[in-house]
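Let me begin by presenting the structure, written as structure tokens, before commenting on it.
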Amino acid sequence: MSKGKFGGTWETIKTVFYAMVIAGFVRTVAFEPFNIPSGSMIPTLLIGDYLFVSKYAYGYSRHSVPLSTGPAMTGRLAEKVPERGDVVVFKKPPEHKVDYIKRVIGLPGDRVQVIRGLLHINGEPVKRERIDDFVEFTREGNIMRAPQYIETLPNGRQHRIIEYAGDNGIADNTPVYTVPAGHYFMMGDNRDNSADSRFLDEVGYVPAENLVGRAEVIFFSGDGSASWWEVWKWPWAIRFARLFDGID
């Protein structure tokens with residue numbers, strides 16, 4: 001290889017290396033993209049949504065590094081406490097490897113209970129207002145319809161929830177959960193189809209150090225009807241109305 005060609009190859013390698021370092025730094029300290037593979041957060045998030053998560057929102061832990069490869073440590077650096085109602089990506093306990101996305105419902109010390117489908121926090125029922133049914137077309141072309149409500153948390157934060165089984169779902173009547181110090185109680189907005197903190201053996205209380213970041217904005221959304229190479233189908237597969245929507 002000539003000296004000129006070697007120099008050009010070396011410059012390319014350095015450029016790629018620097019780009020990877022910068023991308024890794026941004027993913028660790030600023031924003032990381034995530035996609036939604038399941039319907040547990042319908043109607044807020046749909047299968048096929050792609051969103052950015054702010055890594056700095058709650059400070060940093062070993063789970064802030066992609067694949068949780070950060071240095072062994074407990075707790076968080078520059079910790080900030082989530083607000084009730086935040087939509088959060090976290091590492092699912094107890095294995096701490098799988099990314100879950102749910103809504104913060106209970107803060108440390110809170111008592112959380114669901115009674116006949118109605119959420120209670122610290123002994124008080126949370127306001128729930130019935131609105132029009134949620135209607136969505138599935139990838140198979142079927143119509144999906146579910147009772148839909150606006151839920152207002154004690155701090156005034158509002159969001160929509162759906163109840164496929166009405167108030168008779170498997171987790172619509174629960175014991176009282178007392179959130180331990182340094183932990184959070186998470187629930188999906190699709191209340192009858194969400195593995196969340198109500199299931200102590202499956203998810204349970206989420207340690208603060210497991211928080212990855214706060215969901216901020218949807219940057220892309222597709223309904224799954226077109227593969228990446230089927231360019232001619234994109235105009236009908238992309239959910240343009242959801243692009244750049246903030247996540248409440």
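Just so we're on the same page: first chain in the structure tokens is A, next is B, and so on; residues restart at 1 for each chain, and ligands are numbered from 1 in the order they show up.
Note that DSSP on the backbone gives helix (DSSP H, G or I) to these residues of segment 22-244 of chain A: Ile22, Ala23, Gly24, Phe25, Val26, Arg27, Thr28, Val29, Arg62, His63, Ser64, Pro66, Leu67, Ser68, Ala208, Glu209, Asn210, Val231, Trp232, Lys233, Trp234, Pro235, Trp236, Ala237, Phe240, Ala241 and Arg242 of chain A.
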Please list as a JSON list (two decimals) with N, CA and C atoms, in the first residue's frame every residue within 9 Å of Leu107 of chain A, counting only C-alpha atoms and excluding residues in the same chain fewer than 6 positions away.
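Final output, around.json:
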[["chain", "number", "residue", "atom", "x", "y", "z"],
["A", 82, "PRO", "N", -37.83, 12.01, 39.84],
["A", 82, "PRO", "CA", -38.91, 12.06, 38.84],
["A", 82, "PRO", "C", -40.17, 12.69, 39.43],
["A", 83, "GLU", "N", -40.95, 13.30, 38.57],
["A", 83, "GLU", "CA", -42.25, 13.80, 38.97],
["A", 83, "GLU", "C", -43.30, 12.72, 38.74],
["A", 84, "ARG", "N", -44.30, 12.72, 39.59],
["A", 84, "ARG", "CA", -45.41, 11.80, 39.38],
["A", 84, "ARG", "C", -46.04, 12.10, 38.02],
["A", 179, "VAL", "N", -44.62, 2.06, 48.73],
["A", 179, "VAL", "CA", -43.40, 2.19, 47.92],
["A", 179, "VAL", "C", -42.21, 2.40, 48.86],
["A", 180, "PRO", "N", -41.20, 1.53, 48.77],
["A", 180, "PRO", "CA", -40.03, 1.68, 49.65],
["A", 180, "PRO", "C", -39.22, 2.93, 49.32],
["A", 181, "ALA", "N", -38.42, 3.36, 50.26],
["A", 181, "ALA", "CA", -37.50, 4.47, 50.02],
["A", 181, "ALA", "C", -36.58, 4.12, 48.85],
["A", 182, "GLY", "N", -36.30, 5.11, 48.01],
["A", 182, "GLY", "CA", -35.39, 4.90, 46.89],
["A", 182, "GLY", "C", -35.98, 4.09, 45.76],
["A", 183, "HIS", "N", -37.31, 3.93, 45.73],
["A", 183, "HIS", "CA", -37.97, 3.15, 44.69],
["A", 183, "HIS", "C", -39.18, 3.92, 44.14],
["A", 184, "TYR", "N", -39.69, 3.44, 42.99],
["A", 184, "TYR", "CA", -40.85, 4.06, 42.35],
["A", 184, "TYR", "C", -41.83, 2.99, 41.93],
["A", 185, "PHE", "N", -43.10, 3.39, 41.87],
["A", 185, "PHE", "CA", -44.17, 2.49, 41.46],
["A", 185, "PHE", "C", -44.60, 2.89, 40.06]]
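For segment 172-203 of chain A, backbone-based DSSP labels the following residues as strand (DSSP E or B): Tyr177, Thr178, His183, Tyr184, Phe185, Met186, Met187 and Asn190 of chain A.
The protein and nucleic acid residues lying at most 10 Å from Leu46 of chain A are Asn35, Ile36, Pro37, Ser38, Gly39, Ser40, Met41, Ile42, Pro43, Thr44, Gly48, Asp49, Tyr50, Glu136, Ser221, Gly222, Asp223 and Arg242 of chain A, with only C-alpha atoms considered and sequence neighbours fewer than 2 positions away removed.
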Any chance you can output those residues with N, CA and C atoms as a short mmCIF file (atom, residue, chain, number, x, y, z; two decimals), in the first residue's frame?
data_model
loop_
_atom_site.label_atom_id
_atom_site.label_comp_id
_atom_site.auth_asym_id
_atom_site.auth_seq_id
_atom_site.Cartn_x
_atom_site.Cartn_y
_atom_site.Cartn_z
N ASN A 35 -37.44 2.39 20.81
CA ASN A 35 -38.66 2.11 20.06
C ASN A 35 -39.63 1.36 20.96
N ILE A 36 -40.90 1.41 20.61
CA ILE A 36 -41.96 0.81 21.41
C ILE A 36 -42.39 -0.50 20.76
N PRO A 37 -42.05 -1.66 21.39
CA PRO A 37 -42.38 -2.95 20.79
C PRO A 37 -43.69 -3.56 21.28
N SER A 38 -44.29 -2.98 22.33
CA SER A 38 -45.51 -3.57 22.90
C SER A 38 -46.55 -2.48 23.14
N GLY A 39 -47.77 -2.93 23.47
CA GLY A 39 -48.87 -1.99 23.62
C GLY A 39 -49.17 -1.59 25.05
N SER A 40 -48.24 -1.75 25.98
CA SER A 40 -48.54 -1.50 27.39
C SER A 40 -48.77 -0.02 27.71
N MET A 41 -48.31 0.87 26.82
CA MET A 41 -48.49 2.30 27.08
C MET A 41 -49.51 2.95 26.15
N ILE A 42 -50.28 2.13 25.41
CA ILE A 42 -51.39 2.68 24.64
C ILE A 42 -52.38 3.33 25.61
N PRO A 43 -52.92 4.50 25.34
CA PRO A 43 -52.90 5.26 24.08
C PRO A 43 -51.77 6.29 23.97
N THR A 44 -50.97 6.46 25.03
CA THR A 44 -49.92 7.47 24.98
C THR A 44 -48.86 7.12 23.93
N GLY A 48 -44.53 0.73 17.37
CA GLY A 48 -43.97 1.36 16.17
C GLY A 48 -43.56 2.80 16.38
N ASP A 49 -43.81 3.35 17.57
CA ASP A 49 -43.30 4.69 17.89
C ASP A 49 -41.81 4.62 18.18
N TYR A 50 -41.08 5.63 17.74
CA TYR A 50 -39.66 5.78 18.07
C TYR A 50 -39.51 7.11 18.79
N GLU A 136 -58.25 2.11 17.35
CA GLU A 136 -57.00 1.98 16.61
C GLU A 136 -57.12 0.78 15.68
N SER A 221 -42.86 7.35 13.69
CA SER A 221 -43.89 6.38 14.05
C SER A 221 -44.38 5.68 12.79
N GLY A 222 -44.38 4.35 12.82
CA GLY A 222 -44.89 3.58 11.69
C GLY A 222 -45.85 2.52 12.17
N ASP A 223 -46.85 2.21 11.35
CA ASP A 223 -47.87 1.24 11.78
C ASP A 223 -47.50 -0.20 11.48
N ARG A 242 -48.18 11.83 14.37
CA ARG A 242 -47.50 11.58 15.63
C ARG A 242 -46.06 12.10 15.65
#
Task: Selected residue, from A:Ile150, A:Val88, A:Val176, A:Leu211, that lies nearest to Ile115 of chain A when counting only C-alpha atoms - done: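 Result for the nearest residue to Ile115 of chain A: A:Val176.
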Open item on the list: I'd like the neighbourhood of Pro147 of chain A as a list in words, where a residue qualifies if any of its atoms comes within 7 Å (using only C-alpha atoms), though same-chain residues fewer than 3 positions away should be ignored.
Closed with: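 Once the nearby chain positions are removed, what remains is Asp133, Phe134, Ile162, Glu163, Tyr164 and Gly166 of chain A.
Proximity ranking of A:Ile121, A:Ile47, A:Ala237, A:Met186 relative to Pro207 of chain A places A:Met186 first, based on only C-alpha atoms.
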- [ ] Can you work out which one of A:Glu216, A:Glu209, A:Asp248, A:Asp172 has the shortest atom-to-atom distance to Ser61 of chain A, counting only C-alpha atoms?
- [x]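 Ranking A:Glu216, A:Glu209, A:Asp248, A:Asp172 by distance to Ser61 of chain A, first place goes to A:Glu209.
Among the candidate residues A:Gly59, A:Gly224, A:Gly188, A:Gly85, the one lying nearest to His159 of chain A is A:Gly85, with distances computed using only C-alpha atoms.
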